[in-house]
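First comes the structure, then the notes that go with it.
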Amino acid sequence: MYNIIISLLLGLVTYAVIAFALQLAWWIALIAATVVMCAVFYLISRIVMKKIEAIMSGAMKDLQTQRVTSREMQTQLVDRAIKEMQAAFQYQNWQIYVGGQINASIGMLYYIKRDFNAAFPYLEKGFFKNWVTMGMLGVYYLKKNKKVKMKETFEKAVLGSPKESLLWALYAYCCCEAGERSRAKEVLEKGLKKLPGNEELKMNLARLKEDKDMKMDGYGEMWYQFHLESTAALQKKQQMASMTGGMKRKVVRR
């Protein structure tokens with residue numbers, strides 16, 4: 001990365017000037033070189049990250065503030081945001097992990113618009129500590145019936161973000177979808193070791209032990225962005241629950 005290379009070079013130049021040109025003690029030269037190196041690294045990092053943040057926040061702001069009146073318009077806005085984000089790639093060689101963060105953001109937008117094949121190469125190059133996009137990548141492998149890759153992806157994701165309840169639940173849900181309910185239980189048990197007392201994980205583990213399906217709607221909109229269950233499915237469940245409740249009340253009144 002350019003900022004590391006530049007920082008090291010300036011640190012070496014500082015050391016050479018103080019130790020050989022000025023002929024001061026080596027430890028003084030070393031301290032001065034270290035200070036210069038750290039200061040230059042910090043300064044370059046700040047400048048580069050501010051430029052990237054300006055591009056990324058500008059793209060997201062346009063996407064969030066525009067009024068969407070149709071699915072076609074929503075697609076156009078997402079495409080425009082992706083194009084704006086791609087401009088940030090010019091800085092990926094300046095700062096470590098920048099490329100992964102940009103790829104993750106673009107992959108997420110493609111995934112949200114359900115263009116999964118377009119999302120994949122970006123998600124695959126994404127930053128492993130972005131647990132949302134890692135989860136999306138895991139779901140992609142599930143949809144492609146690549147169970148081994150799915151589990152590898154989720155294992156990497158929970159290693160980088162062990163305190164995310166939804167990530168553990170998503171991992172377990174995908175295991176269930178892949179026909180591995182016993183592994184899903186193990187995943188939830190591991191999740192509870194990282195998040196003792198988490199109600200969503202406890203509830204879903206209990207449901208699996210009772211041979212019931214996992215219930216994910218408690219995570220709200222965060223859950224639906226993974227496109228494993230639609231909001232229409234939730235509305236149908238709520239309607240069925242309402243109808244069942246109404247029927248029970250009628251029976252009691254009789």
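Letters A, B, ... mark the chains of the structure tokens in the order given; residue numbers begin at 1 per chain; ligand numbers begin at 1, in order shown.
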So that I can see what lies close to Glu164 (chain A), please list as a ChimeraX atom specification the residues with an atom at most 10 Å from it, counting only C-alpha atoms and leaving out residues fewer than 5 positions away in the same chain.
/A:131-132,157-158,169,191,194-195
Who sits within 10 Å of region 138-142 of chain A, only C-alpha atoms, same chain under 6 positions skipped, as a PyMOL selection string:
chain A and resi 111+116-117+119-120+123-124+132+148-155+157+170-171+173-175+177-178+226-228
As a ChimeraX atom specification, list the residues of region 15-118 of chain A assigned to alpha helix (DSSP H) by DSSP on the backbone atoms of this structure.
/A:15-16,26-65,71-86,98-112,116-118
Hey, what's within 12 Å of Glu199 (chain A) if we count only C-alpha atoms and toss same-chain stuff fewer than 3 positions away? As a ChimeraX atom specification, please?
/A:165-166,169,188,191-192,195-196,202-206,215-216,218-219
Tell me which of A:Ser105, A:Gln76, A:Gln92, A:Ser161 sits closest to Asn3 (chain A), counting only C-alpha atoms.
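Among A:Ser105, A:Gln76, A:Gln92, A:Ser161, it is A:Gln92 that comes nearest to Asn3 (chain A).
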To one decimal place, how far is CA of Lys156 (chain A) from CA of Leu201 (chain A) in Å?
19.3 Å
Go through A:Asn130, A:Gln225, A:Gln101, A:Asn93 and flag the residue nearest Leu159 (chain A), using only C-alpha atoms for the distances.
A:Asn130
Set the distance at 9 Å and use only C-alpha atoms: which residues neighbour Val98 (chain A) once local chain neighbours fewer than 4 positions away are removed? I'd like the list as JSON, numbers by chain.
{"A": [49, 52, 88, 89, 91, 92, 93, 94, 102, 103, 127]}
Once you have the residues from the selection above, write them out as a compact mmCIF listing (two decimals), in the first residue's frame, restricted to all heavy atoms.
```
# COMPACT_ATOMS: atom_id res chain seq x y z
N MET A 49 -8.93 8.50 3.59
CA MET A 49 -10.23 8.06 4.13
C MET A 49 -11.29 9.14 4.01
O MET A 49 -12.46 8.85 3.76
CB MET A 49 -10.07 7.62 5.58
CG MET A 49 -9.31 6.31 5.76
SD MET A 49 -9.90 4.95 4.69
CE MET A 49 -11.58 4.74 5.30
N ILE A 52 -12.52 9.02 0.45
CA ILE A 52 -13.37 7.85 0.24
C ILE A 52 -14.72 8.02 0.91
O ILE A 52 -15.77 7.72 0.33
CB ILE A 52 -12.67 6.58 0.76
CG1 ILE A 52 -11.43 6.28 -0.08
CG2 ILE A 52 -13.62 5.38 0.74
CD1 ILE A 52 -10.54 5.20 0.48
N ALA A 88 -14.39 5.37 -6.07
CA ALA A 88 -13.51 5.25 -4.90
C ALA A 88 -12.39 4.24 -5.10
O ALA A 88 -11.42 4.24 -4.35
CB ALA A 88 -14.34 4.87 -3.67
N PHE A 89 -12.50 3.40 -6.13
CA PHE A 89 -11.45 2.41 -6.38
C PHE A 89 -10.10 3.04 -6.70
O PHE A 89 -9.07 2.38 -6.57
CB PHE A 89 -11.86 1.47 -7.53
CG PHE A 89 -12.77 0.36 -7.11
CD1 PHE A 89 -14.02 0.20 -7.70
CD2 PHE A 89 -12.40 -0.52 -6.11
CE1 PHE A 89 -14.87 -0.83 -7.32
CE2 PHE A 89 -13.24 -1.56 -5.71
CZ PHE A 89 -14.48 -1.70 -6.32
N TYR A 91 -8.54 4.94 -4.97
CA TYR A 91 -7.78 5.07 -3.72
C TYR A 91 -7.47 3.72 -3.07
O TYR A 91 -6.88 3.68 -1.99
CB TYR A 91 -8.55 5.93 -2.72
CG TYR A 91 -8.85 7.31 -3.22
CD1 TYR A 91 -10.15 7.70 -3.56
CD2 TYR A 91 -7.84 8.26 -3.37
CE1 TYR A 91 -10.43 8.98 -4.02
CE2 TYR A 91 -8.10 9.54 -3.84
CZ TYR A 91 -9.40 9.88 -4.16
OH TYR A 91 -9.67 11.14 -4.63
N GLN A 92 -7.86 2.62 -3.69
CA GLN A 92 -7.74 1.31 -3.02
C GLN A 92 -6.29 0.91 -2.75
O GLN A 92 -6.02 0.15 -1.82
CB GLN A 92 -8.45 0.23 -3.82
CG GLN A 92 -7.84 -0.08 -5.17
CD GLN A 92 -8.56 -1.22 -5.87
OE1 GLN A 92 -9.06 -2.14 -5.24
NE2 GLN A 92 -8.63 -1.16 -7.20
N ASN A 93 -5.34 1.41 -3.56
CA ASN A 93 -3.94 1.06 -3.34
C ASN A 93 -3.24 1.96 -2.33
O ASN A 93 -2.07 1.76 -2.02
CB ASN A 93 -3.18 1.08 -4.67
CG ASN A 93 -3.61 -0.03 -5.60
OD1 ASN A 93 -3.96 -1.13 -5.17
ND2 ASN A 93 -3.61 0.25 -6.90
N TRP A 94 -3.96 2.96 -1.85
CA TRP A 94 -3.36 3.89 -0.89
C TRP A 94 -3.52 3.44 0.55
O TRP A 94 -2.71 3.78 1.40
CB TRP A 94 -3.98 5.28 -1.06
CG TRP A 94 -3.42 6.04 -2.22
CD1 TRP A 94 -3.87 6.04 -3.51
CD2 TRP A 94 -2.27 6.89 -2.20
NE1 TRP A 94 -3.09 6.84 -4.29
CE2 TRP A 94 -2.09 7.38 -3.52
CE3 TRP A 94 -1.39 7.30 -1.21
CZ2 TRP A 94 -1.06 8.25 -3.85
CZ3 TRP A 94 -0.36 8.16 -1.54
CH2 TRP A 94 -0.20 8.63 -2.85
N ILE A 102 -14.85 -1.07 -0.22
CA ILE A 102 -15.57 -0.58 -1.39
C ILE A 102 -16.31 -1.73 -2.07
O ILE A 102 -17.49 -1.62 -2.44
CB ILE A 102 -14.61 0.09 -2.39
CG1 ILE A 102 -13.91 1.29 -1.74
CG2 ILE A 102 -15.36 0.54 -3.65
CD1 ILE A 102 -12.75 1.84 -2.55
N ASN A 103 -15.62 -2.85 -2.24
CA ASN A 103 -16.25 -4.02 -2.84
C ASN A 103 -17.47 -4.48 -2.04
O ASN A 103 -18.50 -4.84 -2.62
CB ASN A 103 -15.24 -5.17 -2.95
CG ASN A 103 -14.35 -5.06 -4.17
OD1 ASN A 103 -14.83 -5.06 -5.29
ND2 ASN A 103 -13.05 -4.97 -3.97
N PHE A 127 -14.68 -6.95 2.58
CA PHE A 127 -13.96 -6.93 3.86
C PHE A 127 -14.60 -7.93 4.81
O PHE A 127 -15.81 -7.87 5.07
CB PHE A 127 -14.03 -5.51 4.43
CG PHE A 127 -13.21 -5.29 5.67
CD1 PHE A 127 -11.95 -5.83 5.79
CD2 PHE A 127 -13.71 -4.53 6.71
CE1 PHE A 127 -11.19 -5.62 6.94
CE2 PHE A 127 -12.96 -4.32 7.86
CZ PHE A 127 -11.71 -4.86 7.97
```
